[in-house]
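Structure file protein_20.pdb (PDB, C-alpha atoms) is printed below.
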ATOM      1  CA  MET C  23     -49.945 -99.703  11.791
ATOM      2  CA  VAL C  24     -50.769-103.352  12.296
ATOM      3  CA  CYS C  25     -48.259-105.561  14.050
ATOM      4  CA  VAL C  26     -47.994-109.020  12.567
ATOM      5  CA  MET C  27     -46.083-111.723  14.394
ATOM      6  CA  ARG C  28     -44.577-114.547  12.422
ATOM      7  CA  PHE C  29     -44.035-117.909  14.009
ATOM      8  CA  ARG C  30     -41.500-120.465  12.888
ATOM      9  CA  SER C  31     -43.858-123.348  13.499
ATOM     10  CA  PRO C  32     -47.281-124.182  14.884
ATOM     11  CA  ILE C  33     -45.516-125.252  18.101
ATOM     12  CA  SER C  34     -44.005-121.783  18.605
ATOM     13  CA  LEU C  35     -47.470-120.311  18.043
ATOM     14  CA  LEU C  36     -48.930-122.675  20.663
ATOM     15  CA  LYS C  37     -46.156-121.807  23.138
ATOM     16  CA  SER C  38     -46.804-118.105  22.630
ATOM     17  CA  LEU C  39     -50.533-118.595  23.123
ATOM     18  CA  LEU C  40     -49.885-120.651  26.260
ATOM     19  CA  ILE C  41     -47.697-117.889  27.685
ATOM     20  CA  ALA C  42     -50.243-115.184  26.841
ATOM     21  CA  VAL C  43     -53.176-117.118  28.317
ATOM     22  CA  SER C  44     -51.109-117.965  31.402
ATOM     23  CA  LEU C  45     -50.184-114.322  31.994
ATOM     24  CA  ALA C  46     -53.821-113.296  31.585
ATOM     25  CA  SER C  47     -54.852-116.037  33.998
ATOM     26  CA  PHE C  48     -52.256-114.927  36.546
ATOM     27  CA  ALA C  49     -53.408-111.289  36.236
ATOM     28  CA  LEU C  50     -57.017-112.396  36.757
ATOM     29  CA  TRP C  51     -55.985-114.474  39.775
ATOM     30  CA  VAL C  52     -54.114-111.531  41.354
ATOM     31  CA  TYR C  53     -57.135-109.289  40.763
ATOM     32  CA  VAL C  54     -59.630-111.787  42.199
ATOM     33  CA  GLU C  55     -57.476-112.605  45.232
ATOM     34  CA  ASN C  56     -56.468-109.068  46.137
ATOM     35  CA  PHE C  57     -58.844-106.498  44.705
ATOM     36  CA  ALA C  58     -62.196-107.993  43.674
ATOM     37  CA  ASP C  59     -65.426-107.778  45.661
ATOM     38  CA  LYS C  60     -65.613-111.347  47.020
ATOM     39  CA  GLU C  61     -69.385-111.051  47.509
ATOM     40  CA  SER C  62     -70.033-110.334  43.824
ATOM     41  CA  MET C  63     -71.762-113.250  42.090
ATOM     42  CA  ILE C  64     -69.558-112.794  39.005
ATOM     43  CA  ILE C  65     -66.393-112.996  41.112
ATOM     44  CA  LYS C  66     -67.742-116.072  42.920
ATOM     45  CA  LEU C  67     -68.354-117.732  39.547
ATOM     46  CA  VAL C  68     -64.908-116.745  38.292
ATOM     47  CA  GLN C  69     -63.322-118.183  41.461
ATOM     48  CA  VAL C  70     -64.776-121.632  40.782
ATOM     49  CA  SER C  71     -63.747-121.626  37.123
ATOM     50  CA  LEU C  72     -60.426-122.599  35.600
ATOM     51  CA  ALA C  73     -59.718-119.046  34.426
ATOM     52  CA  PRO C  74     -57.834-117.668  37.472
ATOM     53  CA  TYR C  75     -55.979-120.949  38.071
ATOM     54  CA  PHE C  76     -54.900-121.894  34.547
ATOM     55  CA  TRP C  77     -51.472-120.298  35.086
ATOM     56  CA  GLN C  78     -50.691-122.971  37.681
ATOM     57  CA  PHE C  79     -51.633-125.710  35.211
ATOM     58  CA  ALA C  80     -49.387-124.006  32.634
ATOM     59  CA  LEU C  81     -46.477-124.116  35.098
ATOM     60  CA  GLY C  82     -46.998-127.874  35.236
ATOM     61  CA  ILE C  83     -46.826-128.026  31.440
ATOM     62  CA  PHE C  84     -43.623-125.967  31.529
ATOM     63  CA  ALA C  85     -42.139-128.288  34.167
ATOM     64  CA  SER C  86     -43.031-131.326  32.104
ATOM     65  CA  LEU C  87     -41.450-129.882  28.959
ATOM     66  CA  ASN C  88     -38.287-128.884  30.860
ATOM     67  CA  TYR C  89     -38.142-131.839  33.232
ATOM     68  CA  GLN C  90     -34.466-132.771  32.851
ATOM     69  CA  ARG C  91     -33.203-129.217  33.222
ATOM     70  CA  LEU C  92     -35.388-128.552  36.269
ATOM     71  CA  LYS C  93     -34.573-131.915  37.827
ATOM     72  CA  SER C  94     -30.851-131.199  37.767
ATOM     73  CA  ARG C  95     -31.425-127.702  39.176
ATOM     74  CA  PHE C  96     -33.566-128.840  42.138
ATOM     75  CA  ALA C  97     -32.073-132.273  42.835
ATOM     76  CA  GLY C  98     -31.219-132.752  46.495
ATOM     77  CA  LYS C  99     -32.828-129.473  47.580
ATOM     78  CA  ALA C 100     -36.241-130.726  48.716
ATOM     79  CA  LEU C 101     -35.664-130.290  52.449
ATOM     80  CA  ILE C 102     -34.196-126.788  52.276
ATOM     81  CA  LEU C 103     -36.898-125.638  49.829
ATOM     82  CA  THR C 104     -39.656-127.104  52.022
ATOM     83  CA  VAL C 105     -38.332-125.325  55.109
ATOM     84  CA  ALA C 106     -37.780-122.067  53.207
ATOM     85  CA  TYR C 107     -41.276-122.114  51.712
ATOM     86  CA  SER C 108     -42.914-122.954  55.051
ATOM     87  CA  VAL C 109     -41.086-120.253  56.982
ATOM     88  CA  LEU C 110     -41.488-117.563  54.313
ATOM     89  CA  GLY C 111     -45.149-118.391  53.694
ATOM     90  CA  LEU C 112     -46.116-118.423  57.342
ATOM     91  CA  THR C 113     -44.159-115.256  58.025
ATOM     92  CA  LEU C 114     -45.775-113.378  55.139
ATOM     93  CA  LEU C 115     -49.226-114.504  56.272
ATOM     94  CA  GLN C 116     -48.672-112.587  59.489
ATOM     95  CA  PHE C 117     -48.329-109.320  57.580
ATOM     96  CA  LEU C 118     -50.033-109.652  54.189
ATOM     97  CA  PRO C 119     -53.372-110.845  52.805
ATOM     98  CA  SER C 120     -53.211-114.525  51.898
ATOM     99  CA  GLY C 121     -53.504-113.877  48.139
ATOM    100  CA  THR C 122     -50.545-111.506  48.192
ATOM    101  CA  ALA C 123     -48.492-113.888  50.354
ATOM    102  CA  TYR C 124     -49.226-116.739  47.953
ATOM    103  CA  ALA C 125     -48.345-114.652  44.890
ATOM    104  CA  ILE C 126     -44.954-113.922  46.460
ATOM    105  CA  THR C 127     -44.284-117.495  47.591
ATOM    106  CA  ALA C 128     -45.725-119.339  44.563
ATOM    107  CA  PRO C 129     -42.391-119.712  42.715
ATOM    108  CA  LEU C 130     -40.798-121.174  45.853
ATOM    109  CA  LEU C 131     -43.778-123.494  46.340
ATOM    110  CA  TYR C 132     -43.492-124.837  42.800
ATOM    111  CA  ALA C 133     -39.735-125.310  43.146
ATOM    112  CA  THR C 134     -40.410-127.209  46.374
ATOM    113  CA  ILE C 135     -43.030-129.415  44.739
ATOM    114  CA  PHE C 136     -40.710-130.142  41.840
ATOM    115  CA  ALA C 137     -37.802-130.949  44.170
ATOM    116  CA  LEU C 138     -39.991-133.300  46.203
ATOM    117  CA  GLY C 139     -41.358-134.907  43.052
ATOM    118  CA  SER C 140     -37.929-135.482  41.529
ATOM    119  CA  CYS C 141     -36.359-137.203  44.529
ATOM    120  CA  THR C 142     -34.430-140.281  43.559
ATOM    121  CA  PRO C 143     -36.374-143.551  43.451
ATOM    122  CA  GLU C 144     -34.266-144.790  46.379
ATOM    123  CA  VAL C 145     -35.344-141.873  48.582
ATOM    124  CA  THR C 146     -38.964-142.300  47.553
ATOM    125  CA  LYS C 147     -38.852-146.038  48.196
ATOM    126  CA  ALA C 148     -37.226-145.565  51.608
ATOM    127  CA  THR C 149     -39.636-142.858  52.783
ATOM    128  CA  LEU C 150     -42.956-143.931  51.258
ATOM    129  CA  ARG C 151     -42.353-147.720  51.180
ATOM    130  CA  GLY C 152     -44.488-148.223  48.090
ATOM    131  CA  TRP C 153     -47.266-145.873  49.137
ATOM    132  CA  ASP C 154     -48.128-143.353  46.423
ATOM    133  CA  VAL C 155     -50.050-140.674  48.282
ATOM    134  CA  SER C 156     -49.564-137.989  45.628
ATOM    135  CA  TYR C 157     -52.971-138.303  43.965
ATOM    136  CA  GLY C 158     -54.811-138.548  47.268
ATOM    137  CA  LEU C 159     -52.907-135.523  48.535
ATOM    138  CA  TYR C 160     -53.846-133.652  45.376
ATOM    139  CA  LEU C 161     -57.512-134.487  45.952
ATOM    140  CA  VAL C 162     -57.837-133.786  49.665
ATOM    141  CA  HIS C 163     -55.531-130.878  50.445
ATOM    142  CA  MET C 164     -57.695-128.065  49.058
ATOM    143  CA  PRO C 165     -60.961-129.104  50.756
ATOM    144  CA  ILE C 166     -59.064-129.284  54.053
ATOM    145  CA  ILE C 167     -57.395-125.919  53.456
ATOM    146  CA  ASN C 168     -60.744-124.391  52.448
ATOM    147  CA  ILE C 169     -62.346-125.649  55.672
ATOM    148  CA  PHE C 170     -59.541-124.023  57.671
ATOM    149  CA  ILE C 171     -59.945-120.784  55.699
ATOM    150  CA  GLU C 172     -63.716-120.797  56.213
ATOM    151  CA  MET C 173     -63.178-121.321  59.951
ATOM    152  CA  GLY C 174     -60.749-118.372  60.002
ATOM    153  CA  TYR C 175     -57.597-120.371  60.744
ATOM    154  CA  VAL C 176     -55.286-118.778  58.166
ATOM    155  CA  LYS C 177     -52.652-117.141  60.334
ATOM    156  CA  SER C 178     -51.925-119.936  62.763
ATOM    157  CA  TRP C 179     -48.840-122.143  62.784
ATOM    158  CA  LEU C 180     -50.869-124.826  64.579
ATOM    159  CA  ALA C 181     -53.607-124.758  61.934
ATOM    160  CA  TYR C 182     -50.955-124.981  59.223
ATOM    161  CA  GLY C 183     -49.451-128.067  60.840
ATOM    162  CA  VAL C 184     -52.846-129.673  61.459
ATOM    163  CA  ALA C 185     -53.859-129.072  57.827
ATOM    164  CA  ILE C 186     -50.669-130.804  56.632
ATOM    165  CA  VAL C 187     -51.169-133.763  58.982
ATOM    166  CA  LEU C 188     -54.837-134.130  58.009
ATOM    167  CA  SER C 189     -54.012-133.900  54.302
ATOM    168  CA  ILE C 190     -51.326-136.577  54.539
ATOM    169  CA  THR C 191     -53.549-138.778  56.732
ATOM    170  CA  PHE C 192     -56.500-138.633  54.335
ATOM    171  CA  ALA C 193     -54.189-139.174  51.350
ATOM    172  CA  ALA C 194     -52.708-142.257  53.036
ATOM    173  CA  LEU C 195     -56.191-143.594  53.794
ATOM    174  CA  SER C 196     -57.164-142.984  50.178
ATOM    175  CA  TRP C 197     -54.099-144.940  49.006
ATOM    176  CA  LYS C 198     -54.624-147.857  51.378
ATOM    177  CA  TYR C 199     -58.383-148.312  51.048
ATOM    178  CA  VAL C 200     -59.243-146.953  47.593
ATOM    179  CA  GLU C 201     -56.338-146.514  45.168
ATOM    180  CA  ALA C 202     -54.105-149.528  45.942
ATOM    181  CA  PRO C 203     -57.003-152.056  45.956
ATOM    182  CA  ILE C 204     -58.233-150.710  42.625
ATOM    183  CA  LEU C 205     -54.736-150.845  41.104
ATOM    184  CA  ARG C 206     -54.334-154.497  42.189
ATOM    185  CA  ARG C 207     -57.450-155.521  40.246
ATOM    186  CA  PRO C 208     -56.905-157.176  36.898
ATOM    187  CA  ILE C 209     -57.772-155.051  33.915
TER     188      ILE C 209
END
Show how you would write the structure in this file as structure tokens.
Amino acid sequence: MVCVMRFRSPISLLKSLLIAVSLASFALWVYVENFADKESMIIKLVQVSLAPYFWQFALGIFASLNYQRLKSRFAGKALILTVAYSVLGLTLLQFLPSGTAYAITAPLLYATIFALGSCTPEVTKATLRGWDVSYGLYLVHMPIINIFIEMGYVKSWLAYGVAIVLSITFAALSWKYVEAPILRRPI
């Protein structure tokens, strides 16, 4: 017997495909992080592709499509979510492989990111004073984290703190000396 799904619109078909591809991506990510032979050339190639990370991109699409609902749910909870994620993540890293710890804490991380990103303009203006370090932080955090991982500093509270400080510092330098000057140029 063949199962045929009917979709109300092309949009519902696209949403279903997005969910299916995201679940497959997440399953691939869990496999690669927890069970795969990290020395295999195929696994190394998969790790540098979009395939095991697409699910995170899809969560961003979901957040964008449901922005108002998520904003009201996480408004005013940035500090508590940040502390909860930090404590839970660092605690789990003491007992579990990093991929497993991340899989468990990922929903809390994304809630934290959303809460931080949806702070009121007044809070953002008061804390950042016009500095938009988000793009720089996006660019520099993973190379810094990867250096710490390569050096074996994955279960250290000090390394965690240093990685955060370095990421924010390099993001601020990027804003001040690269991004802001370019944005001030006439088009």
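Remark: for Val176 of chain C, the closest of the candidate residues C:Pro208, C:Gly98, C:Pro74, C:Pro119 is C:Pro119 (distances computed over all atoms listed in the file).
Atom CA of Ala181 of chain C lies 24.3 Å from atom CA of Tyr75 of chain C.
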Practice problem: Please provide the set of residues having any atom within 7 Å of Tyr107 of chain C, restricted to only C-alpha atoms, with same-chain residues fewer than 3 positions apart removed, written as a ChimeraX atom specification. | Solution: /C:103-104,110-111,127,130-131
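You will find atom CA of Asp154 of chain C at 6.7 Å from atom CA of Trp197 of chain C.
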Against segment 169-175 of chain C, which residues of segment 53-131 of chain C fall within 12 Å? For each one I want the closest pair of atoms and the distance in Å (one decimal), counting all atoms listed in the file, rows by chain and increasing residue number, as a tab-separated table.
residue	atom	partner	partner_atom	distance
C:Leu115	CA	C:Tyr175	CA	11.2
C:Gln116	CA	C:Tyr175	CA	11.9
C:Ser120	CA	C:Ile171	CA	9.9
Self-check item: Length of the atom CA of Ile102 of chain C to atom CA of Leu81 of chain C vector [Å]
Solution: 21.3 Å
Apply the PyMOL selection byres ((chain C and resi 189) around 10) to the structure shown and report the selected residues as an mmCIF file with C-alpha atoms, in the frame of the given file.
data_model
loop_
_atom_site.group_PDB
_atom_site.id
_atom_site.type_symbol
_atom_site.label_atom_id
_atom_site.label_comp_id
_atom_site.auth_asym_id
_atom_site.auth_seq_id
_atom_site.Cartn_x
_atom_site.Cartn_y
_atom_site.Cartn_z
ATOM 1 C CA VAL C 155 -50.050 -140.674 48.282
ATOM 2 C CA GLY C 158 -54.811 -138.548 47.268
ATOM 3 C CA LEU C 159 -52.907 -135.523 48.535
ATOM 4 C CA TYR C 160 -53.846 -133.652 45.376
ATOM 5 C CA LEU C 161 -57.512 -134.487 45.952
ATOM 6 C CA VAL C 162 -57.837 -133.786 49.665
ATOM 7 C CA HIS C 163 -55.531 -130.878 50.445
ATOM 8 C CA MET C 164 -57.695 -128.065 49.058
ATOM 9 C CA PRO C 165 -60.961 -129.104 50.756
ATOM 10 C CA ILE C 166 -59.064 -129.284 54.053
ATOM 11 C CA ILE C 167 -57.395 -125.919 53.456
ATOM 12 C CA GLY C 183 -49.451 -128.067 60.840
ATOM 13 C CA VAL C 184 -52.846 -129.673 61.459
ATOM 14 C CA ALA C 185 -53.859 -129.072 57.827
ATOM 15 C CA ILE C 186 -50.669 -130.804 56.632
ATOM 16 C CA VAL C 187 -51.169 -133.763 58.982
ATOM 17 C CA LEU C 188 -54.837 -134.130 58.009
ATOM 18 C CA ILE C 190 -51.326 -136.577 54.539
ATOM 19 C CA THR C 191 -53.549 -138.778 56.732
ATOM 20 C CA PHE C 192 -56.500 -138.633 54.335
ATOM 21 C CA ALA C 193 -54.189 -139.174 51.350
ATOM 22 C CA ALA C 194 -52.708 -142.257 53.036
ATOM 23 C CA LEU C 195 -56.191 -143.594 53.794
#
Practice problem: Considering all atoms listed in the file, state which residue in the set C:Val68, C:Met63, C:Leu35, C:Cys141 is at the smallest distance from Ser94 of chain C. | Solution: C:Cys141
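Closest approach to Gln90 of chain C from the set C:Leu205, C:Val54, C:Ala137, C:Ile64 is made by C:Ala137, with distances taken over only C-alpha atoms.
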Hey, which bits of segment 54-138 of chain C sit within 10 Å of segment 37-41 of chain C, and for each residue what's the closest pair of atoms and how far apart in Å (one decimal), counting all atoms listed in the file, rows by chain and increasing number, as CSV?
residue,atom,partner,partner_atom,distance
C:Phe76,CA,C:Leu40,CA,9.8
C:Trp77,CA,C:Ile41,CA,8.7
C:Ala80,CA,C:Leu40,CA,7.2
C:Leu81,CA,C:Ile41,CA,9.8
C:Ile83,CA,C:Leu40,CA,9.5
C:Phe84,CA,C:Lys37,CA,9.7
The selected residues should be written to file as a short mmCIF file (atom, residue, chain, number, x, y, z; two decimals), keeping the file's coordinate frame (atoms: C-alpha atoms).
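File selection.cif, as written:
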data_model
loop_
_atom_site.label_atom_id
_atom_site.label_comp_id
_atom_site.auth_asym_id
_atom_site.auth_seq_id
_atom_site.Cartn_x
_atom_site.Cartn_y
_atom_site.Cartn_z
CA PHE C 76 -54.90 -121.89 34.55
CA TRP C 77 -51.47 -120.30 35.09
CA ALA C 80 -49.39 -124.01 32.63
CA LEU C 81 -46.48 -124.12 35.10
CA ILE C 83 -46.83 -128.03 31.44
CA PHE C 84 -43.62 -125.97 31.53
#
Practice problem: Can you work out which one of C:Leu180, C:Ala73, C:Leu114, C:Leu67 has the shortest atom-to-atom distance to Leu45 of chain C, counting only C-alpha atoms? | Solution: C:Ala73
